$ cat protein_25.cif   # mmCIF, C-alpha atoms
data_input
#
loop_
_atom_site.label_atom_id
_atom_site.label_comp_id
_atom_site.auth_asym_id
_atom_site.auth_seq_id
_atom_site.Cartn_x
_atom_site.Cartn_y
_atom_site.Cartn_z
CA MET R 1 -4.66 23.27 4.78
CA ALA R 2 -5.36 20.09 6.75
CA ASP R 3 -2.87 17.23 6.63
CA ALA R 4 -4.06 14.05 4.92
CA PHE R 5 -2.01 11.02 5.95
CA TYR R 6 -1.11 7.66 4.51
CA ILE R 7 -1.21 5.38 7.56
CA GLY R 8 -0.05 1.82 8.18
CA MET R 9 -1.40 -0.07 11.20
CA ASP R 10 -0.08 -3.34 12.64
CA LEU R 11 -2.96 -4.71 14.69
CA CYS R 12 -2.05 -7.64 16.96
CA SER R 13 -3.79 -9.12 19.98
CA ASP R 14 -1.70 -7.36 22.63
CA PHE R 15 -0.31 -4.29 20.90
CA THR R 16 -0.93 -1.98 17.98
CA GLN R 17 1.67 -0.04 16.00
CA LEU R 18 1.09 2.90 13.67
CA SER R 19 3.25 4.55 11.03
CA TYR R 20 2.64 7.43 8.67
CA TYR R 21 4.26 8.48 5.42
CA ASN R 22 6.59 11.44 5.80
CA ASP R 23 6.38 13.49 2.62
CA ILE R 24 9.77 15.10 3.34
CA THR R 25 11.87 11.98 3.98
CA ARG R 26 9.63 9.94 1.64
CA GLU R 27 9.67 7.09 4.14
CA PRO R 28 7.21 5.70 6.70
CA GLU R 29 7.80 6.87 10.27
CA SER R 30 6.68 4.97 13.35
CA VAL R 31 4.28 6.73 15.72
CA SER R 32 5.37 6.76 19.35
CA GLN R 33 3.13 6.93 22.38
CA LEU R 34 2.27 10.45 23.39
CA ASN R 35 3.47 9.89 26.94
CA ASN R 36 6.55 7.84 26.04
CA LYS R 37 8.51 8.83 22.94
CA GLU R 38 10.72 5.73 23.24
CA THR R 39 7.84 3.29 22.85
CA TYR R 40 5.98 2.44 19.63
CA LEU R 41 4.00 -0.54 20.95
CA MET R 42 0.57 0.71 22.02
CA PRO R 43 -1.28 -1.65 24.39
CA ASN R 44 -4.71 -2.80 23.22
CA ILE R 45 -6.55 -1.63 26.30
CA LEU R 46 -9.29 0.91 26.90
CA PHE R 47 -9.95 3.09 29.91
CA TYR R 48 -13.07 5.09 30.59
CA SER R 49 -12.51 7.96 33.02
CA THR R 50 -15.45 8.83 35.20
CA ASP R 51 -13.57 11.98 36.17
CA THR R 52 -13.43 13.41 32.65
CA GLY R 53 -16.04 11.31 30.81
CA HIS R 54 -13.42 10.46 28.18
CA TRP R 55 -12.18 7.21 26.66
CA TYR R 56 -8.44 6.53 26.53
CA VAL R 57 -6.52 3.91 24.56
CA GLY R 58 -3.02 2.43 24.59
CA GLY R 59 -0.35 4.14 26.66
CA GLU R 60 -2.71 6.95 27.61
CA ALA R 61 -5.14 4.38 29.03
CA SER R 62 -2.31 2.76 31.02
CA GLU R 63 -1.40 6.14 32.49
CA ALA R 64 -4.93 7.40 33.11
CA ARG R 65 -5.94 4.29 35.06
CA PHE R 66 -3.50 5.27 37.83
CA ASN R 67 -4.43 8.96 37.89
CA GLU R 68 -8.18 8.97 37.41
CA ASP R 69 -11.21 7.02 38.57
CA GLY R 70 -12.79 4.85 35.94
CA MET R 71 -12.87 1.43 34.31
CA ILE R 72 -10.10 -0.45 32.50
CA ILE R 73 -11.05 -2.89 29.71
CA ASP R 74 -8.60 -5.43 28.31
CA GLY R 75 -8.76 -8.92 26.77
CA ILE R 76 -10.71 -7.43 23.87
CA PHE R 77 -9.25 -9.75 21.23
CA GLU R 78 -9.68 -12.85 23.36
CA ASN R 79 -13.37 -12.10 23.91
CA LEU R 80 -14.48 -11.19 20.40
CA GLU R 81 -16.65 -14.32 20.20
CA SER R 82 -18.09 -13.76 23.68
CA LYS R 83 -21.71 -12.73 24.02
CA ASP R 84 -20.97 -10.99 27.31
CA LYS R 85 -21.60 -7.29 27.60
CA ILE R 86 -19.61 -4.69 29.48
CA THR R 87 -21.49 -1.91 31.24
CA VAL R 88 -19.69 1.44 31.30
CA GLU R 89 -21.43 4.36 32.97
CA GLY R 90 -24.82 2.73 32.46
CA GLU R 91 -24.24 1.93 28.77
CA GLU R 92 -23.76 -1.64 27.53
CA TYR R 93 -21.06 -2.58 25.02
CA THR R 94 -20.32 -5.87 23.31
CA TYR R 95 -16.69 -6.88 22.81
CA PRO R 96 -16.94 -6.39 19.01
CA GLU R 97 -18.18 -2.84 19.66
CA LEU R 98 -15.27 -2.24 22.04
CA PHE R 99 -12.87 -3.65 19.46
CA VAL R 100 -14.02 -1.16 16.83
CA LYS R 101 -13.92 1.66 19.39
CA MET R 102 -10.36 0.68 20.33
CA VAL R 103 -9.13 0.65 16.72
CA LYS R 104 -10.77 4.01 16.04
CA LEU R 105 -9.24 5.55 19.16
CA HIS R 106 -5.76 4.29 18.17
CA ILE R 107 -6.12 6.12 14.86
CA ASP R 108 -7.70 9.20 16.40
CA SER R 109 -4.93 9.45 18.99
CA PHE R 110 -2.51 10.00 16.11
CA LEU R 111 -4.72 12.30 14.06
CA TYR R 112 -5.44 14.50 17.09
CA ARG R 113 -1.77 15.52 17.11
CA TYR R 114 -2.36 17.55 13.96
CA GLU R 115 -4.99 20.20 13.38
CA ASP R 116 -7.88 18.94 11.23
CA ALA R 117 -5.84 15.89 10.11
CA THR R 118 -7.58 13.32 7.92
CA ILE R 119 -6.92 9.87 6.48
CA ARG R 120 -5.85 9.68 2.86
CA LYS R 121 -5.36 5.92 2.99
CA LEU R 122 -5.24 3.45 5.88
CA VAL R 123 -3.92 -0.10 5.50
CA ILE R 124 -4.43 -2.39 8.50
CA SER R 125 -2.13 -5.40 8.79
CA ILE R 126 -3.33 -8.38 10.87
CA PRO R 127 -1.27 -11.52 11.66
CA GLU R 128 -3.51 -13.79 9.61
CA TYR R 129 -7.03 -13.86 8.23
CA SER R 130 -9.84 -14.04 10.77
CA ASN R 131 -13.38 -13.76 9.47
CA ARG R 132 -14.54 -12.07 12.67
CA ILE R 133 -11.80 -9.44 12.68
CA TYR R 134 -11.98 -8.90 8.91
CA THR R 135 -15.75 -8.34 9.08
CA LEU R 136 -15.41 -5.83 11.91
CA LEU R 137 -12.60 -3.94 10.20
CA SER R 138 -14.50 -3.91 6.90
CA GLY R 139 -17.12 -1.71 8.54
CA LEU R 140 -14.59 0.64 10.13
CA TYR R 141 -14.96 3.18 7.31
CA LYS R 142 -18.49 3.94 8.51
CA VAL R 143 -17.26 4.69 12.03
CA MET R 144 -14.34 6.75 10.73
CA GLU R 145 -16.71 8.52 8.30
CA VAL R 146 -14.46 8.02 5.28
CA PRO R 147 -15.12 6.48 1.83
CA GLU R 148 -15.08 2.68 1.86
CA ASP R 149 -11.97 2.39 -0.33
CA THR R 150 -9.98 4.55 2.12
CA ILE R 151 -9.38 1.53 4.37
CA GLU R 152 -7.84 -1.80 3.36
CA ILE R 153 -7.04 -4.92 5.37
CA THR R 154 -4.00 -7.03 4.63
CA SER R 155 -1.80 -9.61 6.36
CA HIS R 156 1.58 -9.64 8.07
CA LEU R 157 2.97 -11.69 5.21
CA ASP R 158 1.81 -9.22 2.58
CA SER R 159 3.05 -6.27 4.64
CA GLY R 160 6.39 -7.97 5.14
CA LEU R 161 6.78 -8.43 1.39
CA PHE R 162 5.82 -4.84 0.75
CA TYR R 163 8.41 -3.66 3.27
CA ILE R 164 11.19 -5.88 1.89
CA PHE R 165 10.65 -4.90 -1.73
CA ASN R 166 10.65 -1.22 -0.89
CA GLN R 167 14.21 -1.49 0.42
CA GLU R 168 17.24 -1.03 -1.82
CA GLN R 169 17.38 -3.71 -4.49
CA GLY R 170 20.75 -5.03 -3.37
CA LEU R 171 19.06 -6.44 -0.27
CA TRP R 172 16.82 -8.70 -2.34
CA ILE R 173 19.08 -9.51 -5.26
CA ASN R 174 18.82 -13.13 -4.07
CA SER R 175 16.51 -14.81 -1.56
CA VAL R 176 15.37 -13.03 1.60
CA ALA R 177 14.74 -14.55 5.05
CA LEU R 178 12.09 -13.30 7.47
CA TYR R 179 11.91 -14.68 11.02
CA ASP R 180 8.84 -13.77 13.07
CA TYR R 181 9.22 -14.67 16.75
CA ASN R 182 6.15 -13.67 18.73
CA ALA R 183 4.22 -14.93 21.72
CA ASP R 184 2.92 -17.89 19.69
CA GLY R 185 6.40 -19.03 18.67
CA LEU R 186 8.83 -18.81 15.77
CA ASN R 187 7.80 -18.75 12.10
CA TYR R 188 10.20 -18.60 9.18
CA TYR R 189 9.53 -17.29 5.66
CA ARG R 190 11.94 -17.54 2.75
CA ILE R 191 11.21 -15.28 -0.18
CA ASP R 192 12.69 -16.63 -3.41
CA ILE R 193 12.93 -14.55 -6.57
CA ALA R 194 13.14 -16.20 -10.01
CA ARG R 195 14.05 -13.62 -12.65
CA ASN R 196 14.56 -16.14 -15.43
CA LYS R 197 10.86 -16.83 -15.85
CA THR R 198 8.10 -14.89 -17.54
CA PRO R 199 6.52 -13.37 -15.59
CA LYS R 200 9.24 -13.04 -12.98
CA LEU R 201 8.21 -15.12 -10.00
CA VAL R 202 8.33 -14.47 -6.25
CA SER R 203 7.48 -17.49 -4.11
CA VAL R 204 7.26 -17.76 -0.33
CA THR R 205 8.24 -20.86 1.66
CA HIS R 206 6.87 -21.06 5.20
CA GLU R 207 8.23 -23.17 8.06
CA ASP R 208 6.44 -23.26 11.41
CA TYR R 209 8.94 -23.69 14.25
CA SER R 210 6.52 -22.74 17.03
CA SER R 211 6.57 -26.26 18.48
CA GLN R 212 10.36 -26.04 18.80
CA MET R 213 10.76 -22.41 19.82
CA SER R 214 8.36 -20.41 21.97
CA LEU R 215 8.89 -17.76 24.62
CA SER R 216 7.06 -19.79 27.28
CA ARG R 217 9.34 -22.77 26.69
CA TYR R 218 12.55 -20.97 27.60
CA GLY R 219 11.58 -18.55 30.32
CA ASN R 220 14.84 -16.87 31.35
CA ASP R 221 17.06 -19.44 29.66
CA THR R 222 18.20 -17.21 26.82
CA TYR R 223 21.39 -19.25 26.34
CA GLN R 224 19.46 -22.33 25.23
CA MET R 225 17.15 -20.17 23.12
CA ASP R 226 20.22 -18.77 21.35
CA VAL R 227 21.62 -22.26 20.76
CA ASP R 228 18.34 -23.58 19.37
CA PHE R 229 17.78 -20.58 17.11
CA ALA R 230 21.33 -20.84 15.80
CA LYS R 231 20.67 -24.46 14.76
CA ILE R 232 17.46 -23.48 12.96
CA ALA R 233 19.11 -20.51 11.26
CA ASP R 234 22.09 -22.58 10.17
CA TYR R 235 19.78 -25.24 8.71
CA GLU R 236 17.65 -22.73 6.82
CA MET R 237 20.52 -20.54 5.61
CA LYS R 238 22.12 -23.54 3.89
CA LYS R 239 19.03 -24.14 1.72
CA ALA R 240 19.38 -21.00 -0.41
CA TYR R 241 21.64 -18.04 -1.00
CA ILE R 242 20.22 -15.36 1.29
CA SER R 243 20.93 -11.68 0.60
CA SER R 244 19.35 -10.29 3.75
CA VAL R 245 17.63 -11.39 6.93
CA TYR R 246 14.78 -9.62 8.77
CA LEU R 247 13.97 -10.41 12.40
CA THR R 248 10.72 -9.19 13.92
CA GLY R 249 8.49 -10.01 16.88
CA VAL R 250 8.72 -9.51 20.64
CA GLY R 251 10.99 -12.55 20.91
CA PHE R 252 13.81 -10.59 19.32
CA THR R 253 13.52 -7.51 21.55
CA ASN R 254 16.05 -8.58 24.19
CA LYS R 255 19.76 -8.90 23.42
CA TRP R 256 20.10 -12.69 23.73
CA MET R 257 21.42 -13.47 20.24
CA LYS R 258 25.14 -14.26 20.22
CA LYS R 259 25.81 -17.62 18.60
CA SER R 260 22.85 -17.15 16.25
CA THR R 261 24.08 -13.67 15.24
CA ASN R 262 27.33 -15.22 13.99
CA VAL R 263 25.33 -17.67 11.89
CA LEU R 264 23.00 -15.08 10.40
CA CYS R 265 25.65 -12.47 9.58
CA GLN R 266 27.85 -14.70 7.45
CA GLY R 267 27.92 -12.83 4.15
CA ARG R 268 24.54 -11.20 4.53
CA ARG R 269 22.94 -8.16 6.15
CA VAL R 270 20.65 -8.62 9.14
CA PHE R 271 17.95 -6.22 10.33
CA VAL R 272 15.99 -6.36 13.59
CA GLY R 273 12.83 -4.32 13.97
CA GLN R 274 9.35 -4.39 15.46
CA ASN R 275 7.94 -2.05 12.83
CA ILE R 276 8.32 -4.10 9.66
CA TYR R 277 4.61 -4.82 9.29
CA THR R 278 3.32 -1.35 10.10
CA LYS R 279 5.82 0.25 7.72
CA GLY R 280 5.04 -2.33 5.04
CA ALA R 281 1.35 -1.50 5.40
CA CYS R 282 2.23 2.20 5.10
CA TYR R 283 4.22 1.54 1.91
CA ARG R 284 1.18 -0.24 0.54
CA ALA R 285 -1.08 2.68 1.48
CA VAL R 286 1.16 5.08 -0.42
CA GLY R 287 1.71 2.84 -3.41
CA GLY R 288 -1.79 1.57 -3.89
CA GLU R 289 -2.07 -2.07 -4.81
CA TYR R 290 1.29 -3.62 -5.64
CA LYS R 291 2.67 -0.77 -7.71
CA GLU R 292 5.96 -1.05 -9.61
CA PHE R 293 7.36 -4.23 -8.09
CA TYR R 294 4.12 -6.16 -8.37
CA ASP R 295 3.75 -5.06 -11.98
CA GLN R 296 7.02 -6.84 -12.77
CA PHE R 297 6.73 -9.92 -10.57
CA PHE R 298 4.11 -12.58 -10.04
CA VAL R 299 3.80 -13.26 -6.30
CA GLU R 300 2.82 -16.69 -5.00
CA THR R 301 1.87 -16.93 -1.34
CA ARG R 302 -0.42 -19.18 0.66
CA GLU R 303 -3.02 -16.36 0.69
CA ASN R 304 -3.02 -15.26 -2.93
CA VAL R 305 -5.41 -16.41 -5.62
CA LEU R 306 -3.29 -17.58 -8.54
CA PHE R 307 -5.89 -17.31 -11.28
CA ASP R 308 -8.40 -14.93 -12.87
CA VAL R 309 -12.09 -15.76 -13.11
CA GLY R 310 -14.13 -14.57 -16.05
CA ILE R 311 -16.20 -15.54 -19.05
CA SER R 312 -15.62 -16.17 -22.73
CA LEU R 313 -17.65 -14.06 -25.13
CA GLU R 314 -17.64 -17.06 -27.49
CA ASP R 315 -16.75 -14.79 -30.40
CA GLU R 316 -14.22 -15.40 -33.17
CA LYS R 317 -11.37 -14.19 -30.95
CA ASP R 318 -12.64 -16.16 -27.94
CA THR R 319 -12.45 -12.91 -25.94
CA PHE R 320 -11.85 -13.34 -22.22
CA VAL R 321 -13.67 -10.89 -19.94
CA PRO R 322 -12.49 -11.04 -16.30
CA ILE R 323 -14.93 -10.86 -13.43
CA VAL R 324 -12.08 -10.74 -10.92
CA ASN R 325 -8.31 -10.73 -11.27
CA GLY R 326 -6.17 -12.88 -9.00
CA GLY R 327 -2.71 -12.03 -7.71
CA LYS R 328 -3.74 -10.88 -4.23
CA GLN R 329 -5.30 -12.26 -1.06
CA TRP R 330 -8.49 -14.21 -1.62
CA TYR R 331 -10.38 -12.17 0.98
CA ASN R 332 -9.54 -8.93 -0.81
CA ILE R 333 -10.79 -9.99 -4.23
CA HIS R 334 -14.13 -8.53 -5.29
CA GLY R 335 -15.67 -8.01 -8.69
CA ARG R 336 -18.87 -7.97 -10.68
CA ILE R 337 -19.83 -7.66 -14.33
CA HIS R 338 -23.13 -7.43 -16.21
CA VAL R 339 -23.80 -9.42 -19.36
CA ILE R 340 -26.67 -9.52 -21.83
CA LEU R 341 -27.41 -12.92 -23.31
CA ASP R 342 -27.27 -13.00 -27.11
CA ASP R 343 -29.30 -15.88 -28.48
CA THR R 344 -28.10 -18.29 -25.79
CA ASP R 345 -29.04 -19.59 -22.36
CA THR R 346 -25.51 -20.60 -21.36
CA ILE R 347 -22.42 -18.87 -20.01
CA THR R 348 -18.88 -20.19 -20.39
CA LEU R 349 -16.88 -19.61 -17.21
CA VAL R 350 -13.11 -19.43 -17.62
CA TYR R 351 -10.46 -19.85 -14.93
CA LYS R 352 -7.10 -18.61 -16.21
CA SER R 353 -3.80 -19.18 -14.42
CA ARG R 354 -1.92 -15.92 -13.90
CA HIS R 355 1.36 -17.80 -14.00
CA THR R 356 1.06 -20.05 -17.05
CA GLU R 357 -2.17 -18.74 -18.70
CA GLU R 358 -3.47 -22.31 -18.63
CA GLU R 359 -7.27 -22.35 -18.68
CA LYS R 360 -10.06 -24.41 -17.20
CA ARG R 361 -13.60 -23.97 -18.49
CA GLU R 362 -17.13 -24.97 -17.64
CA VAL R 363 -20.44 -24.15 -19.27
CA VAL R 364 -23.31 -23.04 -17.03
CA LYS R 365 -26.88 -23.36 -18.32
CA ILE R 366 -29.29 -20.72 -17.02
CA HIS R 367 -32.52 -22.50 -16.11
CA GLY R 368 -35.90 -21.11 -15.18
CA ILE R 369 -35.80 -17.73 -16.91
CA PRO R 370 -38.90 -17.04 -19.04
CA LYS R 371 -38.49 -16.89 -22.80
CA ARG R 372 -37.58 -13.33 -23.77
CA PRO R 373 -36.64 -11.70 -27.05
CA ASN R 374 -32.95 -11.83 -27.96
CA LYS R 375 -30.69 -9.46 -25.97
CA THR R 376 -33.32 -8.73 -23.33
CA THR R 377 -31.94 -10.90 -20.52
CA LYS R 378 -29.40 -9.10 -18.37
CA LEU R 379 -27.39 -11.01 -15.79
CA SER R 380 -25.10 -9.99 -12.95
CA LEU R 381 -22.02 -12.19 -12.40
CA GLU R 382 -20.12 -11.89 -9.12
CA VAL R 383 -17.28 -13.95 -7.63
CA GLU R 384 -16.69 -14.75 -3.97
CA PHE R 385 -13.85 -16.81 -2.48
CA GLU R 386 -13.74 -19.07 0.58
CA ASN R 387 -9.96 -19.60 0.35
CA PRO R 388 -7.28 -19.23 -2.37
CA THR R 389 -8.60 -22.15 -4.45
CA ASP R 390 -12.33 -22.46 -3.69
CA GLY R 391 -15.21 -20.11 -4.31
CA ALA R 392 -18.35 -19.53 -6.31
CA VAL R 393 -19.73 -17.51 -9.19
CA ILE R 394 -23.04 -15.91 -8.23
CA ILE R 395 -25.38 -15.30 -11.18
CA ARG R 396 -28.45 -13.10 -10.78
CA ASP R 397 -31.23 -12.45 -13.25
CA LEU R 398 -31.69 -8.68 -13.57
CA GLY R 399 -34.44 -8.78 -16.18
CA PHE R 400 -34.40 -5.93 -18.69
CA GLY R 401 -35.96 -2.79 -17.34
CA LYS R 402 -39.72 -2.45 -16.97
CA LEU R 403 -40.44 -4.43 -20.13
CA PHE R 404 -39.03 -7.68 -18.75
CA PRO R 405 -38.95 -7.62 -14.93
CA THR R 406 -36.42 -9.70 -13.03
CA THR R 407 -37.39 -13.13 -11.78
CA ASN R 408 -35.07 -12.60 -8.79
CA LYS R 409 -33.53 -15.98 -9.54
CA ILE R 410 -30.00 -16.53 -8.18
CA TYR R 411 -27.66 -19.27 -9.37
CA ARG R 412 -24.54 -20.33 -7.49
CA LYS R 413 -21.80 -22.18 -9.37
CA GLU R 414 -19.09 -23.39 -7.00
CA PHE R 415 -15.53 -24.02 -8.15
CA SER R 416 -12.31 -25.52 -6.82
CA ILE R 417 -9.28 -24.73 -8.96
CA VAL R 418 -5.89 -26.38 -8.38
CA TRP R 419 -3.15 -26.15 -10.98
CA GLU R 420 -0.82 -29.11 -11.49
CA ASP R 421 2.93 -28.44 -11.32
#
$ encode --input "protein_25.cif" --output "structure tokens"
Amino acid sequence: MADAFYIGMDLCSDFTQLSYYNDITREPESVSQLNNKETYLMPNILFYSTDTGHWYVGGEASEARFNEDGMIIDGIFENLESKDKITVEGEEYTYPELFVKMVKLHIDSFLYRYEDATIRKLVISIPEYSNRIYTLLSGLYKVMEVPEDTIEITSHLDSGLFYIFNQEQGLWINSVALYDYNADGLNYYRIDIARNKTPKLVSVTHEDYSSQMSLSRYGNDTYQMDVDFAKIADYEMKKAYISSVYLTGVGFTNKWMKKSTNVLCQGRRVFVGQNIYTKGACYRAVGGEYKEFYDQFFVETRENVLFDVGISLEDEKDTFVPIVNGGKQWYNIHGRIHVILDDTDTITLVYKSRHTEEEKREVVKIHGIPKRPNKTTKLSLEVEFENPTDGAVIIRDLGFGKLFPTTNKIYRKEFSIVWED
């Protein structure tokens, strides 16, 4: 019987990491390079070998370029907006096409290690939302020849939360600190948990220290980097009671932390790892969407939509019918419902806070539809978001079968919802 894997992928500009769920240990395991078992960071480069006619990716591409004739391709992320084309063995490729090929080859390089292996669920974690990258990854299921819902895209922040809350509860009994020190600089996230509210609330505070700490700023001066990080850590650790600290990013790979280690380890546990995001994505793949923990807690982040969008049936109970439910990243929220108008030409849109259940309403009048008998006008209502607070409800006239053909009219009702504290 073929293996079907839950896979987490951390897709960054320079490197990719993969993890898979081990059914025996019941934990995610990082995937090492085939040619280097000590390395889990797979370079985002491609190599086409004219000797074998094969494409290579990651560490295998790095090795093949020195042993075979062919063409190396890098800078794929940096050139996604470029209109340039790369010619390989007489065939032209755009950078977006090479990007998709690279991602597929990263996944295939793992699956090829097992006979007839398939994807049960793949969650791809990217540093932050990019419309270009999201659009390309959204079509990956076609290239991988899997059902559309097999692949999901999430963020580093979401993956980090999923990793943290799948650790033993004692590590997040109070607030949790996450430091991400990568090539762009240092970012700090404090995850606060309020259990005395209903629903229980998880909020994330973000501080951008990239202007103060970056790898290019220090060069080989790790002593000053240690001093500066210790000051930042001391300042942040005094703001809340921290149960545990997680350090991730290439900036933490070398052993330069001495003074800062003493600050971080005072009464709390500290973990350093480059695989937090890939393993968090793998946890999400296994658990579906925000399983047990997210059923108990309401999570507020800068990415999440904090309200549901729906309609009121305008009946005696004022029944609320959701079109979409909030509580996750705005770019991952999709939904559509069909309604049949009952002696009315209006629809009452309702925006309901998931935290307080406060509501905002607006009535939309449907213009331009020909007069039809009662209950013979069918509408489609769909919601799309531009960011966590702004979006639109798209209303389409579907007619009512052959008796009352559609007018093909489309109405767009934009909204901007901000809740007062």
$ residues_around --input "protein_25.cif" --residues "Val245 of chain R" --least-positions-apart "5" --cutoff "10 Å" --atoms "all atoms listed in the file" --output "PyMOL selection string"
chain R and resi 164+171-172+175-179+190+237+264-265+268-272
$ residues_around --input "protein_25.cif" --residues "Lys279 of chain R" --least-positions-apart "6" --cutoff "7 Å" --atoms "only C-alpha atoms" --output "tab-separated table (two decimals) with C-alpha atoms, in the frame of the given file"
chain	number	residue	atom	x	y	z
R	8	GLY	CA	-0.05	1.82	8.18
R	19	SER	CA	3.25	4.55	11.03
R	28	PRO	CA	7.21	5.70	6.70
R	163	TYR	CA	8.41	-3.66	3.27
$ residues_around --input "protein_25.cif" --residues "Val321 of chain R" --least-positions-apart "5" --cutoff "12 Å" --atoms "all atoms listed in the file" --output "mmCIF file with C-alpha atoms, in the coordinates of the input"
data_model
loop_
_atom_site.group_PDB
_atom_site.id
_atom_site.type_symbol
_atom_site.label_atom_id
_atom_site.label_comp_id
_atom_site.auth_asym_id
_atom_site.auth_seq_id
_atom_site.Cartn_x
_atom_site.Cartn_y
_atom_site.Cartn_z
ATOM 1 C CA ASP R 308 -8.400 -14.930 -12.870
ATOM 2 C CA VAL R 309 -12.090 -15.760 -13.110
ATOM 3 C CA GLY R 310 -14.130 -14.570 -16.050
ATOM 4 C CA ILE R 311 -16.200 -15.540 -19.050
ATOM 5 C CA SER R 312 -15.620 -16.170 -22.730
ATOM 6 C CA LEU R 313 -17.650 -14.060 -25.130
ATOM 7 C CA GLU R 314 -17.640 -17.060 -27.490
ATOM 8 C CA ASP R 315 -16.750 -14.790 -30.400
ATOM 9 C CA GLY R 335 -15.670 -8.010 -8.690
ATOM 10 C CA ARG R 336 -18.870 -7.970 -10.680
ATOM 11 C CA ILE R 337 -19.830 -7.660 -14.330
ATOM 12 C CA HIS R 338 -23.130 -7.430 -16.210
ATOM 13 C CA VAL R 339 -23.800 -9.420 -19.360
ATOM 14 C CA ILE R 347 -22.420 -18.870 -20.010
ATOM 15 C CA THR R 348 -18.880 -20.190 -20.390
ATOM 16 C CA LEU R 349 -16.880 -19.610 -17.210
ATOM 17 C CA VAL R 350 -13.110 -19.430 -17.620
ATOM 18 C CA TYR R 351 -10.460 -19.850 -14.930
ATOM 19 C CA LYS R 352 -7.100 -18.610 -16.210
ATOM 20 C CA LEU R 381 -22.020 -12.190 -12.400
#
$ residues_around --input "protein_25.cif" --residues "segment 155-159 of chain R" --least-positions-apart "3" --cutoff "8 Å" --atoms "only C-alpha atoms" --output "ChimeraX atom specification"
/R:10,124-129,162-163,276-281,284
$ atom_distance --input "protein_25.cif" --atom1 "atom CA of Phe77 of chain R" --atom2 "atom CA of Ala64 of chain R"
21.3 Å
$ atom_distance --input "protein_25.cif" --atom1 "atom CA of Ile72 of chain R" --atom2 "atom CA of Leu122 of chain R"
27.3 Å
$ closest_residue --input "protein_25.cif" --among "R:Ala240, R:Ser82, R:Ser32, R:Glu89" --to "Gly53 of chain R" --atoms "only C-alpha atoms"
R:Glu89
$ decode --input "protein_25.cif" --residues "segment 320-347 of chain R" --atoms "C-alpha atoms" --output "PDB file, in the first residue's frame"
ATOM      1  CA  PHE R 320     -28.107  34.817  10.902  1.00  0.00           C
ATOM      2  CA  VAL R 321     -26.806  32.824   7.924  1.00  0.00           C
ATOM      3  CA  PRO R 322     -23.029  33.130   7.428  1.00  0.00           C
ATOM      4  CA  ILE R 323     -21.516  33.512   3.990  1.00  0.00           C
ATOM      5  CA  VAL R 324     -18.010  33.233   5.433  1.00  0.00           C
ATOM      6  CA  ASN R 325     -16.664  32.695   8.931  1.00  0.00           C
ATOM      7  CA  GLY R 326     -13.727  34.734  10.186  1.00  0.00           C
ATOM      8  CA  GLY R 327     -11.039  33.549  12.579  1.00  0.00           C
ATOM      9  CA  LYS R 328      -8.343  32.843   9.983  1.00  0.00           C
ATOM     10  CA  GLN R 329      -6.204  34.678   7.447  1.00  0.00           C
ATOM     11  CA  TRP R 330      -8.142  36.979   5.153  1.00  0.00           C
ATOM     12  CA  TYR R 331      -6.596  35.430   2.037  1.00  0.00           C
ATOM     13  CA  ASN R 332      -7.780  31.969   3.053  1.00  0.00           C
ATOM     14  CA  ILE R 333     -11.416  32.889   3.577  1.00  0.00           C
ATOM     15  CA  HIS R 334     -13.804  31.791   0.839  1.00  0.00           C
ATOM     16  CA  GLY R 335     -17.530  31.196   0.855  1.00  0.00           C
ATOM     17  CA  ARG R 336     -20.719  31.410  -1.145  1.00  0.00           C
ATOM     18  CA  ILE R 337     -24.410  30.914  -0.470  1.00  0.00           C
ATOM     19  CA  HIS R 338     -27.546  30.959  -2.627  1.00  0.00           C
ATOM     20  CA  VAL R 339     -30.708  32.748  -1.556  1.00  0.00           C
ATOM     21  CA  ILE R 340     -34.188  33.011  -3.032  1.00  0.00           C
ATOM     22  CA  LEU R 341     -35.906  36.341  -2.529  1.00  0.00           C
ATOM     23  CA  ASP R 342     -39.256  36.079  -0.755  1.00  0.00           C
ATOM     24  CA  ASP R 343     -41.437  39.078  -1.526  1.00  0.00           C
ATOM     25  CA  THR R 344     -38.536  41.531  -1.244  1.00  0.00           C
ATOM     26  CA  ASP R 345     -35.895  43.231  -3.354  1.00  0.00           C
ATOM     27  CA  THR R 346     -33.466  43.841  -0.487  1.00  0.00           C
ATOM     28  CA  ILE R 347     -30.859  41.843   1.410  1.00  0.00           C
TER      29      ILE R 347
END
